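Peer 1: Got a structure here, written out as structure tokens. Questions coming.
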Amino acid sequence: MSGQIGVETKSLVKSFTHENTTVLTYTIHYPQFASALYPVTAQMINAYYRNRANHLARRIALQMYPQAVEGYRDSVEQGYPFNEYQVFRTFEVTYAQGCLASLYLDLYQYTGGAHGTTVRSSDTWDLSRAERLPIRAVFPGNPDYRADLIAAVQAEIRRNSDLYFDNAVELAEENFDENNFYLTPDALVIYYQQYDIAPYAYGIPQFRIPYGTYGATLPRCSPYNRSPRARK
């Protein structure tokens with residue numbers, strides 16, 4: 001039975017108007033997985049992302065739309081151009097094989113001003129249990145992985161110090177978040193949010209840790225816990 005995990009993109013798209021002017025648009029892309037080995041747990045994960053997309057859509061309608069209307073009214077009253085509010089949610093699946101699926105999701109929001117902001121989140125799933133794996137699962141034999149990862153980031157910052165804030169070495173430790181990682185076929189990638197360690201123009205800083213470094217390895221799942229239909 002194939003261990004390949006299929007991925008389909010689903011989307012929610014909507015525009016909001018006020019006084020015949022479009023004041024807000026959103027496009028929310030979210031993943032839907034298909035697995036012959038783990039069909040039931042894949043559907044559980046799909047429900048999570050579907051619900052997450054719907055929750056974001058509701059938040060935009062209830063919170064951002066009134067803000068966009070207020071921004072539009074201010075622009076009319078004060079005589080300056082109105083810039084349409086925008087929200088884009090995109091995702092990238094970086095690993096999908098066997099019992100493992102890893103991806104990151106970027107949420108871009110523009111609410112006027114010089115530029116928008118992007119916030120990245122990520123998940124690594126063990127489909128055999130429909131559970132997220134923590135970063136420590138990548139380092140089963142290294143209890144000091146956190147210190148090793150921070151040291152690797154700091155070394156890279158020192159090699160390219162002109163790209164980062166002057167105090168980026170200290171910020172790399174202060175802003176390190178164990179949730180900010182994803183897997184690729186050959187490496188663990190850890191990342192920082194915009195402004196964490198570098199100016200806006202840098203984007204989202206990312207650091208590759210090849211498997212084998214500091215004991216990093218692709219996590220092992222629980223093969224005995226396949227979905228019922230997959231056992232037939």
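Each chain in the structure tokens gets a letter, A, B and so on, in the order shown; residues start at 1 in every chain, and ligands are counted from 1 in the order they appear.
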Just want the 10 Å neighbourhood of A:Glu19, counted on only C-alpha atoms, with same-chain residues fewer than 5 positions away dropped. Output as a PyMOL selection string.
Peer 2: chain A and resi 69+72-73
Peer 1: As a PyMOL selection string, which residues of stretch 61-214 of chain A does DSSP assign to strand (DSSP E)?
Peer 2: chain A and resi 85-97+100-110+117-126+131-132+181-183+187-191+206-210
Peer 1: Which residues, written as a ChimeraX atom specification, have at least one atom at most 12 Å from stretch 129-134 of chain A, with only C-alpha atoms counted and residues fewer than 4 positions away on the same chain left out?
Peer 2: /A:33,35,37-48,99-103,122-125,138-140,177-183,218-227
Peer 1: So that I can check the secondary structure, give me every residue of stretch 79-180 of chain A assigned alpha helix (DSSP H) by backbone DSSP, as a list in words.
Peer 2: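 Put together, the selection reads Tyr145, Arg146, Ala147, Asp148, Leu149, Ile150, Ala151, Ala152, Val153, Gln154, Ala155, Glu156, Ile157, Arg158, Arg159, Ala168, Val169, Glu170, Leu171, Ala172, Glu173 and Glu174 of chain A.
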Peer 1: Restricting the calculation to only C-alpha atoms, which member of A:Ala68, A:Ala53, A:Leu62, A:Leu107 is positioned closest to A:Gln194?
Peer 2: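 With only C-alpha atoms as the atom set, the closest residue is A:Leu107.
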Peer 1: Rank nothing, just name the residue among A:Leu24, A:Ala216, A:Ala96, A:Ile135 nearest to A:Gln67, using only C-alpha atoms.
Peer 2: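 The closest residue to A:Gln67 is A:Leu24.
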Peer 1: Please provide as a ChimeraX atom specification all residues within 12 Å of A:Ile60, with the sequence filter that same-chain residues fewer than 3 positions apart are discarded (counting only C-alpha atoms).
Peer 2: /A:12-16,24-28,53-57,63-68,85-89,109-111
Peer 1: Restricting it to C-alpha atoms, dump the selection as a PDB file, in the first residue's frame.
Peer 2:
ATOM      1  CA  LEU A  12     -12.291  30.454   1.033  1.00  0.00           C
ATOM      2  CA  VAL A  13     -12.502  33.738  -0.896  1.00  0.00           C
ATOM      3  CA  LYS A  14     -14.668  36.759  -0.142  1.00  0.00           C
ATOM      4  CA  SER A  15     -14.853  40.523  -0.631  1.00  0.00           C
ATOM      5  CA  PHE A  16     -16.592  43.041   1.623  1.00  0.00           C
ATOM      6  CA  LEU A  24     -11.660  44.181   2.483  1.00  0.00           C
ATOM      7  CA  THR A  25     -10.862  40.936   0.700  1.00  0.00           C
ATOM      8  CA  TYR A  26      -9.606  37.633   1.970  1.00  0.00           C
ATOM      9  CA  THR A  27      -8.244  34.470   0.401  1.00  0.00           C
ATOM     10  CA  ILE A  28      -7.737  31.577   2.772  1.00  0.00           C
ATOM     11  CA  ALA A  53     -10.017  28.298   8.039  1.00  0.00           C
ATOM     12  CA  ASN A  54     -13.658  28.898   8.946  1.00  0.00           C
ATOM     13  CA  HIS A  55     -12.654  30.409  12.284  1.00  0.00           C
ATOM     14  CA  LEU A  56     -10.277  32.809  10.528  1.00  0.00           C
ATOM     15  CA  ALA A  57     -13.010  33.778   8.055  1.00  0.00           C
ATOM     16  CA  GLN A  63     -13.308  42.127  13.600  1.00  0.00           C
ATOM     17  CA  MET A  64     -11.479  43.293  10.483  1.00  0.00           C
ATOM     18  CA  TYR A  65     -14.473  44.322   8.400  1.00  0.00           C
ATOM     19  CA  PRO A  66     -15.625  46.967  10.945  1.00  0.00           C
ATOM     20  CA  GLN A  67     -12.020  48.196  11.123  1.00  0.00           C
ATOM     21  CA  ALA A  68     -11.882  48.445   7.335  1.00  0.00           C
ATOM     22  CA  TYR A  85      -7.574  45.792   3.608  1.00  0.00           C
ATOM     23  CA  GLN A  86      -6.331  42.343   2.620  1.00  0.00           C
ATOM     24  CA  VAL A  87      -5.817  38.945   4.222  1.00  0.00           C
ATOM     25  CA  PHE A  88      -4.047  36.015   2.576  1.00  0.00           C
ATOM     26  CA  ARG A  89      -3.520  32.624   4.184  1.00  0.00           C
ATOM     27  CA  GLN A 109      -2.561  40.923   6.770  1.00  0.00           C
ATOM     28  CA  TYR A 110      -2.606  44.425   5.333  1.00  0.00           C
ATOM     29  CA  THR A 111      -4.586  47.114   7.144  1.00  0.00           C
TER      30      THR A 111
END
Peer 1: A:Pro185, A:Gly203, A:Gly215, A:Gly141: which is nearest A:Tyr108, counting only C-alpha atoms?
Peer 2: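 Between A:Pro185, A:Gly203, A:Gly215, A:Gly141, the residue approaching A:Tyr108 most closely is A:Gly203.
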Peer 1: Show which residues sit within 7 Å of A:Tyr211, as a ChimeraX atom specification. Count only C-alpha atoms, and ignore same-chain residues fewer than 5 positions away.
Peer 2: /A:186-188,216-217
